[in-house]
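Q: If you scroll down you'll find the structure; I have some questions about it.
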Amino acid sequence: MAGSKLVLEGRISIISFILGLGVIIIPLLVKFGAHIDWIFDYLTDVNGKIAIAAYITVINGFLLIMYKGPLYKVAVRACFLGFAFGCGLILSFADTTWTHFGWYMCSLSFFHYSEYLVTAMINPRSLSLDSFLLNHSVEYIIAAISSWIEFTVEQLLIPEIKQVSWLSLVGLVMVLCGESMRKAAMLTAGSNFNHIVQNEKAQTHMLVTTGVYAFFRHPSYVGWFYWSIGTQIMLCNPVCILGYTFASWRFFRERIEEEEISLIHFFGEDYIEYKKKVFTGLPFISGIKVNS
């Protein structure tokens with residue numbers, strides 16, 4: 001059952017993501033076919049926006065016909081993330097001052113889609129709509145909206161601070177490294193990975209200490225921590241850089257302490273010895289204290 005779930009829902013998410021990503025076809029047609037009258041007339045300016053809206057309407061109709069119930073919910077989320085990724089690519093390569101926001105859109109949409117896809121690959125039994133992490137928490141949504149508002153306001157009022165290209169590149173590198181670290185952690189942990197802290201040990205639950213876990217006790221949190229801060233450095237959002245750093249640090253400090261209580265309960269001395277040898281990976285976070 002788990003294997004068929006992986007094949008079905010994973011395949012649907014890939015197809016739907018690609019369909020959403022197909023929105024980039026419209027500006028590509030404009031770029032390379034503008035000398036053709038009908039393309040210039042129907043795909044530029046307002047007509048181009050109408051064409052994009054029509055594309056999404058058609059794709060959504062196709063998904064409604066092809067998939068029902070829970071499968072449609074997977075498909076429409078993956079398609080939305082593909083569409084956001086495509087729009088991010090369009091902004092990234094356009095002649096606009098919103099280029100770095102395009103990088104951000106690509107980073108954010110790929111993060112959420114890949115969380116679902118990798119979960120489908122490594123632990124299909126835990127796979128659900130929540131695996132997209134789109135509804136992670138109210139605080140997470142507020143943080144994301146705050147970053148959009150800050151970027152827009154500063155872009156309109158003091159646009160020069162949004163054009164510090166070297167700083168945005170630093171943020172992009174942090175995002176790429178953080179994303180890579182998190183996905184490497186998920187793939188290394190395999191079926192032991194779960195988005196929800198487990199309070200009961202499964203029969204297949206093993207203590208993973210190899211790969212990236214040989215360097216950090218909580219590499220998935222390390223990746224997410226630096227990814228989140230990197231998104232704000234990429235956007236040159238001074239307020240959110242500080243806010244994200246503090247909020248992420250506090251969240252992962254509490255999360256690690258909660259998780260390590262379960263890990264010590266599951267693995268006893270083996271985890272305590274591992275804890276002594278390997279750093280959490282996050283600054284000034286040592287995890288739960290254990291009496292010697």
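All residue names refer to the structure tokens as shown: chains lettered A, B, ... in order, residues numbered from 1 in each chain, ligands numbered from 1 in order.
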Report as a tab-separated table: every residue of region 100-171 of chain A with an atom at most 10 Å from region 238-258 of chain A, its closest pair of atoms, and their distance in Å to one decimal, counting only C-alpha atoms, with rows sorted by chain and ascending residue number.

A:
residue	atom	partner	partner_atom	distance
A:Glu139	CA	A:Ala247	CA	9.3
A:Tyr140	CA	A:Ala247	CA	9.7
A:Ala143	CA	A:Tyr244	CA	7.6
A:Ala144	CA	A:Cys240	CA	9.4
A:Ser146	CA	A:Cys240	CA	7.6
A:Ser147	CA	A:Cys240	CA	6.1
A:Trp148	CA	A:Cys240	CA	9.8
A:Glu150	CA	A:Cys240	CA	7.7
A:Phe151	CA	A:Cys240	CA	9.3
A:Glu154	CA	A:Pro238	CA	9.9
A:Ile161	CA	A:Pro238	CA	9.4

Q: Selection from above, C-alpha atoms, as a tab-separated table (two decimals), in the first residue's frame, can you write it?

A:
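What ended up in selection_17.tsv:
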chain	number	residue	atom	x	y	z
A	139	GLU	CA	3.36	32.23	12.89
A	140	TYR	CA	5.01	30.87	9.75
A	143	ALA	CA	6.37	35.72	8.93
A	144	ALA	CA	6.07	35.07	5.18
A	146	SER	CA	5.60	40.23	6.73
A	147	SER	CA	8.59	39.64	4.46
A	148	TRP	CA	6.47	40.33	1.36
A	150	GLU	CA	8.60	44.73	3.94
A	151	PHE	CA	10.08	44.03	0.51
A	154	GLU	CA	11.02	49.30	0.85
A	161	ILE	CA	18.57	49.14	-0.60

Q: Neighbours of Gly171 (chain A) within 7 Å (only C-alpha atoms; same-chain residues fewer than 5 positions away dropped), as a JSON list (two decimals) with C-alpha atoms, in the first residue's frame?

A:
[["chain", "number", "residue", "atom", "x", "y", "z"],
["A", 230, "GLY", "CA", 18.97, 33.33, 3.64],
["A", 231, "THR", "CA", 15.61, 34.15, 2.04],
["A", 233, "ILE", "CA", 19.17, 38.30, 3.14],
["A", 234, "MET", "CA", 18.37, 37.56, -0.51]]

Q: Please provide the set of residues having any atom within 10 Å of Ser128 (chain A), restricted to only C-alpha atoms, with same-chain residues fewer than 2 positions apart removed, written as a PyMOL selection string.

A: chain A and resi 9+70+74+116+119-120+124-126+130-133

Q: Could you state the separation of CA of Cys87 (chain A) and CA of Lys49 (chain A) in Å, given to one decimal place?

A: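 Those two atoms sit 11.7 Å apart.
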
Q: Please provide the set of residues having any atom within 8 Å of region 208-215 of chain A, restricted to only C-alpha atoms, with same-chain residues fewer than 3 positions apart removed, written as a ChimeraX atom specification.

A: /A:181,184-185,188-189,218-219,274,278-279,281

Q: Once you have the residues from the selection above, write them out as a compact mmCIF listing (two decimals), in the first residue's frame, restricted to N, CA, C and O atoms.

A:
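Here's the written file out.txt:
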# COMPACT_ATOMS: atom_id res chain seq x y z
N MET A 181 21.25 20.92 2.56
CA MET A 181 21.48 20.27 3.85
C MET A 181 20.21 19.59 4.35
O MET A 181 20.23 18.44 4.82
N ALA A 184 19.35 16.54 2.21
CA ALA A 184 20.32 15.48 2.48
C ALA A 184 19.99 14.78 3.79
O ALA A 184 20.09 13.55 3.91
N ALA A 185 19.57 15.58 4.79
CA ALA A 185 19.19 15.00 6.09
C ALA A 185 17.96 14.11 5.95
O ALA A 185 17.90 13.02 6.53
N THR A 188 18.95 10.90 4.11
CA THR A 188 19.80 10.04 4.95
C THR A 188 18.97 9.35 6.03
O THR A 188 19.15 8.16 6.29
N ALA A 189 18.06 10.08 6.64
CA ALA A 189 17.22 9.51 7.70
C ALA A 189 16.22 8.51 7.14
O ALA A 189 15.83 7.55 7.82
N HIS A 218 21.14 17.59 14.29
CA HIS A 218 19.85 17.98 13.71
C HIS A 218 20.07 18.71 12.39
O HIS A 218 19.73 19.89 12.25
N PRO A 219 20.62 18.00 11.39
CA PRO A 219 20.95 18.68 10.12
C PRO A 219 19.74 19.23 9.37
O PRO A 219 19.87 20.22 8.65
N TYR A 274 25.95 9.74 21.61
CA TYR A 274 25.94 10.47 20.33
C TYR A 274 25.84 11.97 20.58
O TYR A 274 26.53 12.77 19.95
N VAL A 278 28.49 14.85 19.10
CA VAL A 278 28.09 15.61 17.91
C VAL A 278 27.28 16.85 18.29
O VAL A 278 26.34 16.79 19.09
N PHE A 279 27.65 17.97 17.71
CA PHE A 279 27.03 19.28 17.94
C PHE A 279 25.65 19.34 17.29
O PHE A 279 25.41 18.70 16.26
N GLY A 281 24.44 21.73 15.63
CA GLY A 281 24.57 22.39 14.33
C GLY A 281 24.04 23.80 14.35
O GLY A 281 24.26 24.56 13.41

Q: So, with only C-alpha atoms as the atoms that count, which of A:Thr152, A:Ser137, A:Asn199, A:Gln232 lies closest to Met174 (chain A)?

A: A:Gln232

Q: Using Å and a single decimal, report how far CA of Ser13 (chain A) sits from CA of Thr99 (chain A).

A: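 Rounded to one decimal, the two atoms are 27.1 Å apart.
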
Q: In Å, rounded to a single decimal, give me how far CA of His112 (chain A) is from CA of Thr96 (chain A).

A: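 According to the coordinates, CA of Thr96 (chain A) and CA of His112 (chain A) are separated by 25.6 Å.
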
Q: Tell me which of A:Ile24, A:Ile264, A:Leu117, A:Leu282 sits closest to Phe216 (chain A), counting only C-alpha atoms.

A: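 For Phe216 (chain A), the nearest of the given residues is A:Leu282.
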
Q: From a DSSP pass on the backbone, collect the residues of region 180-244 of chain A flagged as alpha helix (DSSP H) and hand them back as a VMD selection string.

A: chain A and resid 180 to 189 219 to 234 238 to 244

Q: Using N, CA and C atoms, can you export the residues from the last selection as an mmCIF file, in the first residue's frame?

A:
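result21.cif, written as the output of this step:
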data_model
loop_
_atom_site.group_PDB
_atom_site.id
_atom_site.type_symbol
_atom_site.label_atom_id
_atom_site.label_comp_id
_atom_site.auth_asym_id
_atom_site.auth_seq_id
_atom_site.Cartn_x
_atom_site.Cartn_y
_atom_site.Cartn_z
ATOM 1 N N SER A 180 19.929 22.206 0.440
ATOM 2 C CA SER A 180 20.679 20.972 0.197
ATOM 3 C C SER A 180 20.902 20.197 1.490
ATOM 4 N N MET A 181 21.249 20.918 2.559
ATOM 5 C CA MET A 181 21.477 20.273 3.852
ATOM 6 C C MET A 181 20.206 19.595 4.355
ATOM 7 N N ARG A 182 19.085 20.293 4.259
ATOM 8 C CA ARG A 182 17.833 19.721 4.767
ATOM 9 C C ARG A 182 17.427 18.480 3.980
ATOM 10 N N LYS A 183 17.494 18.552 2.654
ATOM 11 C CA LYS A 183 17.085 17.404 1.855
ATOM 12 C C LYS A 183 18.061 16.242 2.022
ATOM 13 N N ALA A 184 19.346 16.540 2.211
ATOM 14 C CA ALA A 184 20.316 15.477 2.477
ATOM 15 C C ALA A 184 19.988 14.782 3.793
ATOM 16 N N ALA A 185 19.570 15.576 4.791
ATOM 17 C CA ALA A 185 19.187 15.005 6.087
ATOM 18 C C ALA A 185 17.965 14.112 5.953
ATOM 19 N N MET A 186 16.978 14.560 5.203
ATOM 20 C CA MET A 186 15.761 13.775 5.010
ATOM 21 C C MET A 186 16.068 12.461 4.296
ATOM 22 N N LEU A 187 16.870 12.523 3.247
ATOM 23 C CA LEU A 187 17.198 11.330 2.480
ATOM 24 C C LEU A 187 18.048 10.363 3.294
ATOM 25 N N THR A 188 18.952 10.901 4.112
ATOM 26 C CA THR A 188 19.795 10.043 4.946
ATOM 27 C C THR A 188 18.971 9.349 6.026
ATOM 28 N N ALA A 189 18.059 10.082 6.637
ATOM 29 C CA ALA A 189 17.216 9.507 7.696
ATOM 30 C C ALA A 189 16.224 8.506 7.140
ATOM 31 N N PRO A 219 20.619 18.005 11.395
ATOM 32 C CA PRO A 219 20.949 18.677 10.118
ATOM 33 C C PRO A 219 19.741 19.232 9.370
ATOM 34 N N SER A 220 18.564 18.608 9.530
ATOM 35 C CA SER A 220 17.387 19.142 8.829
ATOM 36 C C SER A 220 17.000 20.499 9.398
ATOM 37 N N TYR A 221 17.181 20.687 10.706
ATOM 38 C CA TYR A 221 16.896 21.980 11.324
ATOM 39 C C TYR A 221 17.972 23.002 10.968
ATOM 40 N N VAL A 222 19.210 22.538 10.883
ATOM 41 C CA VAL A 222 20.301 23.429 10.468
ATOM 42 C C VAL A 222 20.009 23.980 9.080
ATOM 43 N N GLY A 223 19.612 23.085 8.184
ATOM 44 C CA GLY A 223 19.308 23.514 6.821
ATOM 45 C C GLY A 223 18.164 24.497 6.768
ATOM 46 N N TRP A 224 17.087 24.183 7.496
ATOM 47 C CA TRP A 224 15.912 25.055 7.486
ATOM 48 C C TRP A 224 16.252 26.406 8.126
ATOM 49 N N PHE A 225 17.027 26.424 9.197
ATOM 50 C CA PHE A 225 17.402 27.653 9.894
ATOM 51 C C PHE A 225 18.122 28.613 8.952
ATOM 52 N N TYR A 226 19.168 28.115 8.282
ATOM 53 C CA TYR A 226 19.944 28.998 7.413
ATOM 54 C C TYR A 226 19.205 29.297 6.112
ATOM 55 N N TRP A 227 18.352 28.372 5.664
ATOM 56 C CA TRP A 227 17.514 28.650 4.489
ATOM 57 C C TRP A 227 16.584 29.826 4.775
ATOM 58 N N SER A 228 15.919 29.806 5.928
ATOM 59 C CA SER A 228 14.948 30.856 6.242
ATOM 60 C C SER A 228 15.611 32.226 6.353
ATOM 61 N N ILE A 229 16.757 32.287 7.019
ATOM 62 C CA ILE A 229 17.476 33.559 7.134
ATOM 63 C C ILE A 229 17.988 33.996 5.763
ATOM 64 N N GLY A 230 18.460 33.020 4.975
ATOM 65 C CA GLY A 230 18.971 33.329 3.640
ATOM 66 C C GLY A 230 17.926 33.961 2.738
ATOM 67 N N THR A 231 16.662 33.550 2.879
ATOM 68 C CA THR A 231 15.614 34.149 2.039
ATOM 69 C C THR A 231 15.489 35.639 2.292
ATOM 70 N N GLN A 232 15.678 36.056 3.537
ATOM 71 C CA GLN A 232 15.534 37.472 3.875
ATOM 72 C C GLN A 232 16.781 38.280 3.513
ATOM 73 N N ILE A 233 17.945 37.643 3.610
ATOM 74 C CA ILE A 233 19.166 38.302 3.137
ATOM 75 C C ILE A 233 19.083 38.485 1.625
ATOM 76 N N MET A 234 18.535 37.491 0.939
ATOM 77 C CA MET A 234 18.368 37.560 -0.507
ATOM 78 C C MET A 234 17.457 38.721 -0.902
ATOM 79 N N PRO A 238 16.066 44.175 5.968
ATOM 80 C CA PRO A 238 16.780 44.315 7.248
ATOM 81 C C PRO A 238 15.942 43.958 8.470
ATOM 82 N N VAL A 239 14.669 44.342 8.481
ATOM 83 C CA VAL A 239 13.816 44.053 9.635
ATOM 84 C C VAL A 239 13.574 42.550 9.750
ATOM 85 N N CYS A 240 13.235 41.923 8.642
ATOM 86 C CA CYS A 240 12.938 40.490 8.667
ATOM 87 C C CYS A 240 14.191 39.633 8.857
ATOM 88 N N ILE A 241 15.352 40.134 8.470
ATOM 89 C CA ILE A 241 16.585 39.384 8.746
ATOM 90 C C ILE A 241 16.714 39.181 10.255
ATOM 91 N N LEU A 242 16.524 40.258 11.002
ATOM 92 C CA LEU A 242 16.604 40.178 12.462
ATOM 93 C C LEU A 242 15.453 39.340 13.023
ATOM 94 N N GLY A 243 14.242 39.595 12.517
ATOM 95 C CA GLY A 243 13.067 38.879 13.016
ATOM 96 C C GLY A 243 13.138 37.390 12.747
ATOM 97 N N TYR A 244 13.527 37.018 11.528
ATOM 98 C CA TYR A 244 13.621 35.601 11.170
ATOM 99 C C TYR A 244 14.719 34.902 11.979
#

Q: Using only C-alpha atoms, which of A:Leu81, A:Ile261, A:Ile272, A:Val58 sits nearest Ile288 (chain A)?

A: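 Checking each candidate against Ile288 (chain A), we get A:Ile261 as the closest.
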